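Contents: one structure, followed by commentary.
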Amino acid sequence: MTAPATTKELDAVVLGAGFAGLYMVKRLRDMLGMSVRAFETGDNVGGTWYWNRYPGARCDSPSYIYCFSFDKELLQEWEWSGKYPEQPEILRYLNHVADRHDLRKDIQFNTKVTAAHFDENTNRWLVETDNGDRISAKYFITGIGCLSAGQVPNIKGLETYQGDWYHTGSWPHDGVDFEGKRVGVIGTGSSGIQAIPVIAEQAGHLYVFQRTPQYTVPARHETVDKAFLDEIKSRYDEIWDKARWSQGGQPIDPVERSALDATPEERQQIYEELWKEGGHGFLFGSFWDVAADRRANDTASEFIREKIREIVKDPDTAEKLLPVDHPFASKRPLIDTNYYETYNRDNVTLVDIRHDPIEEITPKGVRTGGEEYELDIIVFATGFDAMTGAFDRIDIRGRQGYPLREKWSEGPKTYLGVANAGFPNMFMITGPGSPSVLSNMPVSIEQHVEWISDAIDHMEKNGYQAMEADPDAEKEWVEHVNEVADQTMFTLADSWYLGANIPGKPRVFMPYPAGVGIYREKCDEVVANGYEGFHLETKQAEPAATR
Ligand code: N01
């Protein structure tokens with residue numbers, strides 16, 4: 001890619017206008033006084049919350065901590081209505097942030113970045129879009145989301161289907177009318193378990209096509225009490241500080257008791273209390289070893305299986321819903337509203353496709369187990385090509401034209417999940433190798449945006465032209481991420497954390513599981529040691545010879 005005469009010169013290009021892109025634009029423009037433009041595929045801000053508008057879409061971090069902390073006045077002003085924030089409310093919040101900080105004027109909507117190539121002669125990135133824009137920028141920063149590349153499985157016959165079909169991750173903006181319709185939902189991950197109970201209330205009949213049964217705990221979602229929010233607001237600094245140095249980006253004290261030290265009666269009582277309370281407290285507030293030790297985990301897994309047997313009236317359906325092939329929380333932990341209860345409805349049928357996989361999609365519906373299920377609508381709640389998929393869809397090339405997708409062909413290799421050796425001045429907000437999806441995202445996003453803008457500030461103040469991760473530091477980081485992952489339960493399930501949901505994707509654990517506090521400490525240490533593990537160049541780079 002060469003730079004034609006019409007190339008626009010900017011300091012920085014940012015990809016995406018979700019939480020990450022919005023804050024990145026704010027920092028670079030208002031703190032560093034840079035010229036910056038964000039490119040966003042959608043026609044408005046919101047990222048994940050712009051695209052995922054399926055029925056029941058809601059975040060499972062408490063609303064008071066699923067927001068930006070940088071705007072302290074807004075923290076005091078904003079009134080969340082629910083214990084967990086619902087998609088329309090989060091979208092309203094992000095629109096408000098964009099307006100309040102006048103961010104839209106530096107965001108180009110309806111524009112997809114198609115290519116970004118690093119030019120070693122100038123130490124600048126040449127960025128191209130599907131609208132024909134060409135931009136030269138010193139810094140190239142991605143805020144493209146970890147779960148933004150939707151995955152519709154390649155099932156034979158989809159093109160012949162005569163009904164309507166949708167993926168939860170790119171839901172129509174004016175909604176879908178399920179009233180009285182025969183609906184099929186394929187997939188029972190986070191999106192499926194949120195959508196299924198809501199669709200069941202509207203559909204004539206709902207068929208759920210389940211490949212892997214899930215563990216899910218009641219969310220006990222409710223409207224939030226104003227007195228509770230006021231109390232939170234009175235000690236927000238302390239709450240944010242706790243979240244920043246925690247395991248998962250939530251203001252939670254780690255529990256020290258072990259499930260293996262407790263008697264069966266004590267365990268039962270604790271699990272019962274937390275089940276009644278709802279939310280992720282069941283995982284984080286029960287016993288420390290549920291997420292770390294298989295025998296401890298078995299006690300929690302069995303408790304949930306027992307709840308399924310108790311809640312679901314039809315024993316055959318209950319049996320099909322029992323998760324037995326992976327431990328609780330080895331996949332993304334889920335919380336729900338009336339998920340298991342939904343299977344007691346007369347208009348809901350669970351179809352087990354583990355043993356009888358979908359054979360084909362026909363013009364009329366779905367064929368499995370020799371039976372054809374006639375459907376007016378199919379909902380694919382089948383997830384995403386997580387963490388790397390959104391990068392793969394852009395032609396990103398570093399030194400000597402080396403493609404990022406080739407560098408990552410055996411799994412993503414990054415330094416700190418923020419930078420790549422061979423790709424100077426490119427920064428990733430919550431990239432693979434950082435805590436990202438294992439944390440409350442706004443906490444991780446703010447940390448990365450602040451770290452990146454501080455690094456850029458450091459470069460500008462000291463006249464550096466390029467900042468690049470050292471290959472050895474990167475190698476060590478990748479090894480460290482794998483070592484930590486091997487000590488967890490996460491490698492015991494086929495999950496998108498490991499790329500297992502995408503045929504042919506290398507099986508590599510992608511996020512960093514040691515926790516946001518430990519990770520923050522490491523990132524701070526890198527800075528304190530003079531950006532340890534990075535090369536900082538003061539001169540214009542010479543054109544490189546051969547690789
Ligand atoms: O996707 P998933 P998701 N045939 O990959 C099934 C975040 N999120 O969109 O388990 C049949 O979890 C697949 O089956 P199996 C959150 O991080 C957060 O639900 O692979 N079935 C599985 O059941 C989450 O983890 C929130 O056997 C097929 C489902 O589809 C992430 O997004 C809400 C199939 C996919 O589940 C992704 O969640 C929503 C096939 N060919 C999402 N391919 C909250 O904050 C896949 N499946 C609450």
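Each chain in the structure tokens gets a letter, A, B and so on, in the order shown; residues start at 1 in every chain, and ligands are counted from 1 in the order they appear.
Counting only C-alpha atoms, Met510 in chain A has the following residues at most 7 Å away, ignoring those fewer than 2 positions along the same chain: Pro432, Gly433, Tyr497, Leu498, Val508 and Tyr512 of chain A.
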At most 8 Å is the cut-off: for each residue in chain A with any atom that close to an atom of ligand 1, write down the nearest atom pair and the distance in Å rounded to one decimal, counting only C-alpha atoms and all ligand atoms, chain first then increasing number, as JSON lines.
{"residue": "A:Asn52", "atom": "CA", "partner": "ligand 1", "partner_atom_place_in_ligand_line": "39 (C)", "distance": 7.9}
{"residue": "A:Ala57", "atom": "CA", "partner": "ligand 1", "partner_atom_place_in_ligand_line": "33 (C)", "distance": 6.2}
{"residue": "A:Arg58", "atom": "CA", "partner": "ligand 1", "partner_atom_place_in_ligand_line": "48 (C)", "distance": 5.5}
{"residue": "A:Cys59", "atom": "CA", "partner": "ligand 1", "partner_atom_place_in_ligand_line": "45 (O)", "distance": 3.7}
{"residue": "A:Asp60", "atom": "CA", "partner": "ligand 1", "partner_atom_place_in_ligand_line": "48 (C)", "distance": 4.5}
{"residue": "A:Ser61", "atom": "CA", "partner": "ligand 1", "partner_atom_place_in_ligand_line": "45 (O)", "distance": 7.0}
{"residue": "A:Leu147", "atom": "CA", "partner": "ligand 1", "partner_atom_place_in_ligand_line": "32 (O)", "distance": 6.0}
{"residue": "A:Gln151", "atom": "CA", "partner": "ligand 1", "partner_atom_place_in_ligand_line": "43 (N)", "distance": 7.7}
{"residue": "A:Val152", "atom": "CA", "partner": "ligand 1", "partner_atom_place_in_ligand_line": "43 (N)", "distance": 7.3}
{"residue": "A:Pro153", "atom": "CA", "partner": "ligand 1", "partner_atom_place_in_ligand_line": "41 (N)", "distance": 4.7}
{"residue": "A:Asn154", "atom": "CA", "partner": "ligand 1", "partner_atom_place_in_ligand_line": "41 (N)", "distance": 6.9}
{"residue": "A:Ile155", "atom": "CA", "partner": "ligand 1", "partner_atom_place_in_ligand_line": "41 (N)", "distance": 6.8}
{"residue": "A:Thr168", "atom": "CA", "partner": "ligand 1", "partner_atom_place_in_ligand_line": "9 (O)", "distance": 6.9}
{"residue": "A:Gly169", "atom": "CA", "partner": "ligand 1", "partner_atom_place_in_ligand_line": "9 (O)", "distance": 7.0}
{"residue": "A:Ile186", "atom": "CA", "partner": "ligand 1", "partner_atom_place_in_ligand_line": "21 (N)", "distance": 5.6}
{"residue": "A:Gly187", "atom": "CA", "partner": "ligand 1", "partner_atom_place_in_ligand_line": "30 (O)", "distance": 3.2}
{"residue": "A:Thr188", "atom": "CA", "partner": "ligand 1", "partner_atom_place_in_ligand_line": "23 (O)", "distance": 3.7}
{"residue": "A:Gly189", "atom": "CA", "partner": "ligand 1", "partner_atom_place_in_ligand_line": "19 (O)", "distance": 3.4}
{"residue": "A:Ser190", "atom": "CA", "partner": "ligand 1", "partner_atom_place_in_ligand_line": "19 (O)", "distance": 3.7}
{"residue": "A:Ser191", "atom": "CA", "partner": "ligand 1", "partner_atom_place_in_ligand_line": "19 (O)", "distance": 3.7}
{"residue": "A:Gly192", "atom": "CA", "partner": "ligand 1", "partner_atom_place_in_ligand_line": "19 (O)", "distance": 5.3}
{"residue": "A:Ile193", "atom": "CA", "partner": "ligand 1", "partner_atom_place_in_ligand_line": "19 (O)", "distance": 7.4}
{"residue": "A:Gln194", "atom": "CA", "partner": "ligand 1", "partner_atom_place_in_ligand_line": "33 (C)", "distance": 7.1}
{"residue": "A:Phe209", "atom": "CA", "partner": "ligand 1", "partner_atom_place_in_ligand_line": "11 (C)", "distance": 6.9}
{"residue": "A:Gln210", "atom": "CA", "partner": "ligand 1", "partner_atom_place_in_ligand_line": "21 (N)", "distance": 6.3}
{"residue": "A:Arg211", "atom": "CA", "partner": "ligand 1", "partner_atom_place_in_ligand_line": "27 (O)", "distance": 4.4}
{"residue": "A:Thr212", "atom": "CA", "partner": "ligand 1", "partner_atom_place_in_ligand_line": "27 (O)", "distance": 4.2}
{"residue": "A:Pro213", "atom": "CA", "partner": "ligand 1", "partner_atom_place_in_ligand_line": "10 (O)", "distance": 7.3}
{"residue": "A:Gln214", "atom": "CA", "partner": "ligand 1", "partner_atom_place_in_ligand_line": "23 (O)", "distance": 7.8}
{"residue": "A:Lys331", "atom": "CA", "partner": "ligand 1", "partner_atom_place_in_ligand_line": "25 (O)", "distance": 7.5}
{"residue": "A:Arg332", "atom": "CA", "partner": "ligand 1", "partner_atom_place_in_ligand_line": "25 (O)", "distance": 4.9}
{"residue": "A:Pro333", "atom": "CA", "partner": "ligand 1", "partner_atom_place_in_ligand_line": "25 (O)", "distance": 7.7}
{"residue": "A:Leu334", "atom": "CA", "partner": "ligand 1", "partner_atom_place_in_ligand_line": "48 (C)", "distance": 6.9}
{"residue": "A:Ile335", "atom": "CA", "partner": "ligand 1", "partner_atom_place_in_ligand_line": "48 (C)", "distance": 7.1}
{"residue": "A:Ile353", "atom": "CA", "partner": "ligand 1", "partner_atom_place_in_ligand_line": "11 (C)", "distance": 7.0}
{"residue": "A:Arg354", "atom": "CA", "partner": "ligand 1", "partner_atom_place_in_ligand_line": "27 (O)", "distance": 7.5}
{"residue": "A:Pro357", "atom": "CA", "partner": "ligand 1", "partner_atom_place_in_ligand_line": "4 (N)", "distance": 7.3}
{"residue": "A:Ile358", "atom": "CA", "partner": "ligand 1", "partner_atom_place_in_ligand_line": "4 (N)", "distance": 6.9}
{"residue": "A:Phe380", "atom": "CA", "partner": "ligand 1", "partner_atom_place_in_ligand_line": "30 (O)", "distance": 7.4}
{"residue": "A:Ala381", "atom": "CA", "partner": "ligand 1", "partner_atom_place_in_ligand_line": "30 (O)", "distance": 5.4}
{"residue": "A:Thr382", "atom": "CA", "partner": "ligand 1", "partner_atom_place_in_ligand_line": "30 (O)", "distance": 3.3}
{"residue": "A:Gly383", "atom": "CA", "partner": "ligand 1", "partner_atom_place_in_ligand_line": "1 (O)", "distance": 3.1}
{"residue": "A:Phe384", "atom": "CA", "partner": "ligand 1", "partner_atom_place_in_ligand_line": "5 (O)", "distance": 6.0}
{"residue": "A:Ala386", "atom": "CA", "partner": "ligand 1", "partner_atom_place_in_ligand_line": "37 (C)", "distance": 8.0}
{"residue": "A:Val437", "atom": "CA", "partner": "ligand 1", "partner_atom_place_in_ligand_line": "17 (O)", "distance": 6.1}
{"residue": "A:Leu438", "atom": "CA", "partner": "ligand 1", "partner_atom_place_in_ligand_line": "17 (O)", "distance": 7.9}
{"residue": "A:Asp494", "atom": "CA", "partner": "ligand 1", "partner_atom_place_in_ligand_line": "20 (O)", "distance": 7.0}
{"residue": "A:Ser495", "atom": "CA", "partner": "ligand 1", "partner_atom_place_in_ligand_line": "20 (O)", "distance": 6.6}
{"residue": "A:Trp496", "atom": "CA", "partner": "ligand 1", "partner_atom_place_in_ligand_line": "5 (O)", "distance": 5.7}
{"residue": "A:Ala500", "atom": "CA", "partner": "ligand 1", "partner_atom_place_in_ligand_line": "20 (O)", "distance": 7.5}
{"residue": "A:Asn501", "atom": "CA", "partner": "ligand 1", "partner_atom_place_in_ligand_line": "20 (O)", "distance": 5.3}
{"residue": "A:Ile502", "atom": "CA", "partner": "ligand 1", "partner_atom_place_in_ligand_line": "43 (N)", "distance": 7.9}
Using only N, CA and C atoms, please write the residues we just selected to a file, as a compact mmCIF listing (two decimals), in the first residue's frame.
# COMPACT_ATOMS: atom_id res chain seq x y z
N ASN A 52 -25.21 -5.76 19.97
CA ASN A 52 -25.90 -6.86 20.68
C ASN A 52 -27.22 -6.38 21.28
N ALA A 57 -30.68 -8.74 26.45
CA ALA A 57 -29.24 -8.41 26.52
C ALA A 57 -28.97 -7.48 27.70
N ARG A 58 -28.03 -7.88 28.48
CA ARG A 58 -27.75 -7.14 29.72
C ARG A 58 -26.34 -7.51 30.15
N CYS A 59 -25.69 -6.62 30.84
CA CYS A 59 -24.34 -6.94 31.34
C CYS A 59 -24.47 -7.67 32.68
N ASP A 60 -23.46 -8.46 33.03
CA ASP A 60 -23.57 -9.13 34.32
C ASP A 60 -22.58 -8.58 35.35
N SER A 61 -22.01 -7.40 35.08
CA SER A 61 -21.33 -6.66 36.15
C SER A 61 -22.37 -5.72 36.74
N LEU A 147 -15.10 -9.46 21.48
CA LEU A 147 -16.19 -10.34 21.04
C LEU A 147 -17.02 -9.57 20.03
N GLN A 151 -19.96 -15.23 14.83
CA GLN A 151 -19.69 -16.51 14.19
C GLN A 151 -21.01 -17.22 13.90
N VAL A 152 -21.38 -17.24 12.63
CA VAL A 152 -22.53 -18.06 12.22
C VAL A 152 -21.94 -19.36 11.70
N PRO A 153 -22.28 -20.49 12.33
CA PRO A 153 -21.63 -21.74 11.90
C PRO A 153 -21.98 -22.10 10.46
N ASN A 154 -21.04 -22.77 9.87
CA ASN A 154 -21.19 -23.15 8.48
C ASN A 154 -22.03 -24.43 8.40
N ILE A 155 -23.35 -24.27 8.54
CA ILE A 155 -24.24 -25.44 8.53
C ILE A 155 -24.83 -25.58 7.12
N THR A 168 -27.17 -13.08 17.27
CA THR A 168 -27.39 -12.18 18.42
C THR A 168 -26.45 -10.97 18.40
N GLY A 169 -25.28 -11.15 17.80
CA GLY A 169 -24.27 -10.08 17.82
C GLY A 169 -24.44 -9.03 16.74
N ILE A 186 -30.26 -21.48 18.35
CA ILE A 186 -29.11 -22.40 18.35
C ILE A 186 -28.04 -21.75 19.22
N GLY A 187 -27.67 -22.45 20.30
CA GLY A 187 -26.63 -21.89 21.17
C GLY A 187 -27.16 -21.56 22.55
N THR A 188 -26.42 -22.00 23.57
CA THR A 188 -26.82 -21.76 24.96
C THR A 188 -25.65 -21.21 25.76
N GLY A 189 -24.93 -20.24 25.17
CA GLY A 189 -23.90 -19.50 25.92
C GLY A 189 -24.55 -18.29 26.59
N SER A 190 -23.75 -17.28 26.93
CA SER A 190 -24.28 -16.08 27.63
C SER A 190 -25.42 -15.45 26.87
N SER A 191 -25.27 -15.34 25.54
CA SER A 191 -26.32 -14.67 24.74
C SER A 191 -27.57 -15.53 24.72
N GLY A 192 -27.40 -16.82 24.47
CA GLY A 192 -28.55 -17.73 24.41
C GLY A 192 -29.32 -17.75 25.72
N ILE A 193 -28.61 -17.88 26.84
CA ILE A 193 -29.36 -18.03 28.10
C ILE A 193 -30.08 -16.72 28.51
N GLN A 194 -29.59 -15.60 27.97
CA GLN A 194 -30.33 -14.35 28.23
C GLN A 194 -31.54 -14.23 27.30
N PHE A 209 -31.87 -25.46 20.51
CA PHE A 209 -30.93 -26.47 20.03
C PHE A 209 -29.66 -26.37 20.86
N GLN A 210 -29.48 -27.33 21.76
CA GLN A 210 -28.39 -27.26 22.73
C GLN A 210 -27.30 -28.28 22.42
N ARG A 211 -26.06 -27.76 22.25
CA ARG A 211 -24.95 -28.70 22.04
C ARG A 211 -24.27 -29.03 23.38
N THR A 212 -24.01 -27.98 24.18
CA THR A 212 -23.37 -28.21 25.49
C THR A 212 -24.22 -27.58 26.59
N PRO A 213 -24.69 -28.39 27.55
CA PRO A 213 -25.45 -27.81 28.67
C PRO A 213 -24.57 -26.86 29.49
N GLN A 214 -25.22 -25.91 30.12
CA GLN A 214 -24.48 -24.85 30.83
C GLN A 214 -24.77 -24.85 32.32
N LYS A 331 -15.86 -22.59 31.62
CA LYS A 331 -16.29 -21.72 30.54
C LYS A 331 -16.71 -20.41 31.20
N ARG A 332 -17.06 -19.44 30.41
CA ARG A 332 -17.49 -18.15 30.96
C ARG A 332 -18.65 -18.38 31.93
N PRO A 333 -18.50 -17.99 33.24
CA PRO A 333 -19.60 -18.18 34.19
C PRO A 333 -20.82 -17.35 33.78
N LEU A 334 -21.99 -17.92 33.98
CA LEU A 334 -23.21 -17.27 33.51
C LEU A 334 -24.14 -16.99 34.67
N ILE A 335 -24.89 -15.91 34.53
CA ILE A 335 -26.01 -15.66 35.45
C ILE A 335 -27.24 -15.38 34.60
N ILE A 353 -28.62 -31.51 20.62
CA ILE A 353 -27.90 -31.73 19.37
C ILE A 353 -26.45 -32.20 19.62
N ARG A 354 -26.16 -32.50 20.88
CA ARG A 354 -24.86 -33.09 21.17
C ARG A 354 -24.82 -34.49 20.56
N PRO A 357 -26.35 -34.19 16.08
CA PRO A 357 -26.00 -32.85 15.60
C PRO A 357 -26.92 -32.39 14.46
N ILE A 358 -26.97 -31.09 14.27
CA ILE A 358 -27.79 -30.56 13.18
C ILE A 358 -27.26 -31.14 11.88
N PHE A 380 -29.26 -17.39 15.78
CA PHE A 380 -27.94 -17.95 16.04
C PHE A 380 -27.35 -17.23 17.26
N ALA A 381 -27.30 -17.95 18.38
CA ALA A 381 -26.63 -17.41 19.57
C ALA A 381 -25.31 -18.17 19.67
N THR A 382 -24.60 -18.19 18.58
CA THR A 382 -23.47 -19.10 18.42
C THR A 382 -22.11 -18.45 18.65
N GLY A 383 -22.13 -17.22 19.17
CA GLY A 383 -20.88 -16.65 19.66
C GLY A 383 -20.02 -15.97 18.61
N PHE A 384 -18.74 -15.91 18.94
CA PHE A 384 -17.81 -15.03 18.21
C PHE A 384 -16.48 -15.72 17.95
N ALA A 386 -13.52 -15.09 18.92
CA ALA A 386 -13.13 -14.18 20.00
C ALA A 386 -11.67 -13.72 19.95
N VAL A 437 -11.38 -10.04 28.74
CA VAL A 437 -12.66 -10.73 28.90
C VAL A 437 -12.83 -11.46 30.23
N LEU A 438 -11.76 -11.60 30.99
CA LEU A 438 -11.90 -12.24 32.30
C LEU A 438 -12.19 -11.20 33.37
N ASP A 494 -13.91 -26.94 26.43
CA ASP A 494 -13.77 -26.43 25.06
C ASP A 494 -14.51 -25.11 24.99
N SER A 495 -13.77 -24.02 25.11
CA SER A 495 -14.46 -22.73 25.14
C SER A 495 -13.83 -21.78 24.12
N TRP A 496 -14.51 -20.67 23.93
CA TRP A 496 -13.94 -19.65 23.02
C TRP A 496 -12.69 -19.01 23.61
N ALA A 500 -11.76 -22.80 20.89
CA ALA A 500 -12.29 -24.12 20.54
C ALA A 500 -13.59 -24.07 19.76
N ASN A 501 -14.25 -22.89 19.74
CA ASN A 501 -15.53 -22.81 19.03
C ASN A 501 -15.37 -22.54 17.54
N ILE A 502 -14.14 -22.29 17.11
CA ILE A 502 -13.92 -21.96 15.69
C ILE A 502 -13.15 -23.11 15.04
Please identify the strand (DSSP E or B) residues within range 172-338 of chain A (assignment by DSSP from backbone atoms) and present them as a PDB file with N, CA, C and O atoms, in the first residue's frame.
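Result file part_24.pdb:
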ATOM      1  N   GLU A 179     -43.896 -12.805  18.125  1.00  0.00           N
ATOM      2  CA  GLU A 179     -45.258 -13.111  18.558  1.00  0.00           C
ATOM      3  C   GLU A 179     -45.878 -14.256  17.746  1.00  0.00           C
ATOM      4  O   GLU A 179     -46.019 -14.146  16.517  1.00  0.00           O
ATOM      5  N   ARG A 182     -42.856 -19.737  15.244  1.00  0.00           N
ATOM      6  CA  ARG A 182     -42.061 -20.918  15.607  1.00  0.00           C
ATOM      7  C   ARG A 182     -40.602 -20.491  15.509  1.00  0.00           C
ATOM      8  O   ARG A 182     -40.122 -20.114  14.423  1.00  0.00           O
ATOM      9  N   VAL A 183     -39.941 -20.516  16.645  1.00  0.00           N
ATOM     10  CA  VAL A 183     -38.591 -19.945  16.704  1.00  0.00           C
ATOM     11  C   VAL A 183     -37.594 -21.020  17.125  1.00  0.00           C
ATOM     12  O   VAL A 183     -37.885 -21.828  18.019  1.00  0.00           O
ATOM     13  N   GLY A 184     -36.434 -21.023  16.510  1.00  0.00           N
ATOM     14  CA  GLY A 184     -35.356 -21.909  16.941  1.00  0.00           C
ATOM     15  C   GLY A 184     -34.182 -21.071  17.416  1.00  0.00           C
ATOM     16  O   GLY A 184     -33.789 -20.117  16.728  1.00  0.00           O
ATOM     17  N   VAL A 185     -33.667 -21.372  18.605  1.00  0.00           N
ATOM     18  CA  VAL A 185     -32.435 -20.718  19.061  1.00  0.00           C
ATOM     19  C   VAL A 185     -31.333 -21.766  19.048  1.00  0.00           C
ATOM     20  O   VAL A 185     -31.485 -22.830  19.673  1.00  0.00           O
ATOM     21  N   ILE A 186     -30.259 -21.477  18.346  1.00  0.00           N
ATOM     22  CA  ILE A 186     -29.105 -22.398  18.346  1.00  0.00           C
ATOM     23  C   ILE A 186     -28.039 -21.750  19.217  1.00  0.00           C
ATOM     24  O   ILE A 186     -27.575 -20.645  18.927  1.00  0.00           O
ATOM     25  N   ALA A 203     -42.817 -16.142  21.786  1.00  0.00           N
ATOM     26  CA  ALA A 203     -42.961 -17.063  20.651  1.00  0.00           C
ATOM     27  C   ALA A 203     -44.195 -17.956  20.783  1.00  0.00           C
ATOM     28  O   ALA A 203     -44.676 -18.209  21.891  1.00  0.00           O
ATOM     29  N   HIS A 205     -43.966 -21.129  19.629  1.00  0.00           N
ATOM     30  CA  HIS A 205     -43.210 -22.257  20.172  1.00  0.00           C
ATOM     31  C   HIS A 205     -41.719 -21.999  19.989  1.00  0.00           C
ATOM     32  O   HIS A 205     -41.304 -21.497  18.951  1.00  0.00           O
ATOM     33  N   LEU A 206     -40.966 -22.314  21.023  1.00  0.00           N
ATOM     34  CA  LEU A 206     -39.516 -22.107  20.959  1.00  0.00           C
ATOM     35  C   LEU A 206     -38.800 -23.451  21.043  1.00  0.00           C
ATOM     36  O   LEU A 206     -39.067 -24.242  21.967  1.00  0.00           O
ATOM     37  N   TYR A 207     -37.932 -23.718  20.095  1.00  0.00           N
ATOM     38  CA  TYR A 207     -37.073 -24.901  20.126  1.00  0.00           C
ATOM     39  C   TYR A 207     -35.662 -24.425  20.450  1.00  0.00           C
ATOM     40  O   TYR A 207     -35.132 -23.548  19.751  1.00  0.00           O
ATOM     41  N   VAL A 208     -35.076 -24.978  21.503  1.00  0.00           N
ATOM     42  CA  VAL A 208     -33.700 -24.613  21.852  1.00  0.00           C
ATOM     43  C   VAL A 208     -32.799 -25.757  21.414  1.00  0.00           C
ATOM     44  O   VAL A 208     -32.966 -26.895  21.880  1.00  0.00           O
ATOM     45  N   PHE A 209     -31.869 -25.462  20.513  1.00  0.00           N
ATOM     46  CA  PHE A 209     -30.935 -26.474  20.030  1.00  0.00           C
ATOM     47  C   PHE A 209     -29.655 -26.366  20.855  1.00  0.00           C
ATOM     48  O   PHE A 209     -28.887 -25.418  20.694  1.00  0.00           O
ATOM     49  N   GLN A 210     -29.483 -27.335  21.761  1.00  0.00           N
ATOM     50  CA  GLN A 210     -28.387 -27.256  22.734  1.00  0.00           C
ATOM     51  C   GLN A 210     -27.300 -28.279  22.415  1.00  0.00           C
ATOM     52  O   GLN A 210     -27.567 -29.476  22.327  1.00  0.00           O
ATOM     53  N   THR A 216     -25.582 -22.287  35.078  1.00  0.00           N
ATOM     54  CA  THR A 216     -25.889 -20.868  35.266  1.00  0.00           C
ATOM     55  C   THR A 216     -26.567 -20.664  36.612  1.00  0.00           C
ATOM     56  O   THR A 216     -27.268 -21.545  37.119  1.00  0.00           O
ATOM     57  N   VAL A 217     -26.324 -19.509  37.181  1.00  0.00           N
ATOM     58  CA  VAL A 217     -26.777 -19.177  38.531  1.00  0.00           C
ATOM     59  C   VAL A 217     -27.763 -18.016  38.390  1.00  0.00           C
ATOM     60  O   VAL A 217     -27.547 -17.146  37.538  1.00  0.00           O
ATOM     61  N   PRO A 218     -28.831 -17.969  39.186  1.00  0.00           N
ATOM     62  CA  PRO A 218     -29.774 -16.859  39.030  1.00  0.00           C
ATOM     63  C   PRO A 218     -29.101 -15.501  39.261  1.00  0.00           C
ATOM     64  O   PRO A 218     -28.300 -15.351  40.188  1.00  0.00           O
ATOM     65  N   THR A 223     -34.707  -3.839  40.182  1.00  0.00           N
ATOM     66  CA  THR A 223     -34.437  -2.395  40.081  1.00  0.00           C
ATOM     67  C   THR A 223     -33.535  -2.009  41.251  1.00  0.00           C
ATOM     68  O   THR A 223     -33.584  -2.626  42.320  1.00  0.00           O
ATOM     69  N   LEU A 334     -21.985 -17.921  33.976  1.00  0.00           N
ATOM     70  CA  LEU A 334     -23.207 -17.274  33.511  1.00  0.00           C
ATOM     71  C   LEU A 334     -24.142 -16.990  34.675  1.00  0.00           C
ATOM     72  O   LEU A 334     -24.174 -17.753  35.638  1.00  0.00           O
ATOM     73  N   ILE A 335     -24.895 -15.905  34.530  1.00  0.00           N
ATOM     74  CA  ILE A 335     -26.008 -15.661  35.452  1.00  0.00           C
ATOM     75  C   ILE A 335     -27.241 -15.377  34.598  1.00  0.00           C
ATOM     76  O   ILE A 335     -27.123 -14.856  33.493  1.00  0.00           O
ATOM     77  N   ASP A 336     -28.389 -15.756  35.107  1.00  0.00           N
ATOM     78  CA  ASP A 336     -29.572 -15.731  34.232  1.00  0.00           C
ATOM     79  C   ASP A 336     -30.811 -15.259  34.967  1.00  0.00           C
ATOM     80  O   ASP A 336     -30.822 -15.130  36.186  1.00  0.00           O
TER      81      ASP A 336
END
Practice problem: Show which residues sit within 10 Å of His96 in chain A, as an MDAnalysis selection string. Count only C-alpha atoms, and ignore same-chain residues fewer than 6 positions away. | Solution: chainID A and resid 45 74 78 90 102
Quiz prompt | Nearest to Leu158 in chain A by atom-to-atom distance, counting only C-alpha atoms, from A:Tyr402, A:Pro511, A:Glu359, A:Asp11 | solution = A:Glu359
Quiz item: What residues in range 89-234 of chain A get the DSSP label alpha helix (DSSP H)? Please answer as number ranges by chain.
Solution: A: 89-100, 190-202, 226-233
Quiz item: Residues at most 9 Å from Ile65 in chain A, counting only C-alpha atoms, excluding those fewer than 5 positions away in the same chain, as a count of residues only?
Solution: 9
Quiz item: Distance CA of Ala115 in chain A-CA of Phe534 in chain A, one decimal place?
Solution: 24.6 Å
Sorted per-residue table, range 396-512 of chain A near range 273-292 of chain A, closest atoms and distance, 8 Å, only C-alpha atoms, as a tab-separated table:
residue	atom	partner	partner_atom	distance
A:Gln487	CA	A:Ala292	CA	7.5
A:Thr488	CA	A:Ala292	CA	5.6
A:Met489	CA	A:Ala292	CA	6.2
Would you mind exporting the chosen residues as a compact mmCIF listing (two decimals), in the first residue's frame, restricted to N, CA and C atoms?
# COMPACT_ATOMS: atom_id res chain seq x y z
N GLN A 487 -2.67 -23.39 35.32
CA GLN A 487 -2.99 -23.62 36.73
C GLN A 487 -4.47 -23.39 37.04
N THR A 488 -5.25 -23.07 36.03
CA THR A 488 -6.66 -22.76 36.27
C THR A 488 -7.54 -23.88 35.72
N MET A 489 -8.84 -23.71 35.90
CA MET A 489 -9.83 -24.66 35.37
C MET A 489 -10.09 -24.43 33.89
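CA of Leu28 in chain A lies 20.7 Å from CA of Arg520 in chain A.
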Self-check item: Pick from A:Thr48, A:Ser301, A:Ser439, A:Asn131 nearest to Ala20 in chain A, counting only C-alpha atoms
Solution: A:Thr48
Self-check item: Contact residues around Asp395 in chain A with only C-alpha atoms at 7 Å, ignoring same-chain residues under 5 positions, as a list in words
Solution: Thr114, Ala115, Ala116 and Pro403 of chain A
Quiz prompt | All residues 10 Å or closer to Arg53 in chain A, only C-alpha atoms, same chain fewer than 3 positions away omitted, as number ranges by chain | solution = A: 48-50, 56-58, 86-88, 91, 168-175
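What separates CA of Phe328 in chain A from CA of Arg507 in chain A is a distance of 20.1 Å.
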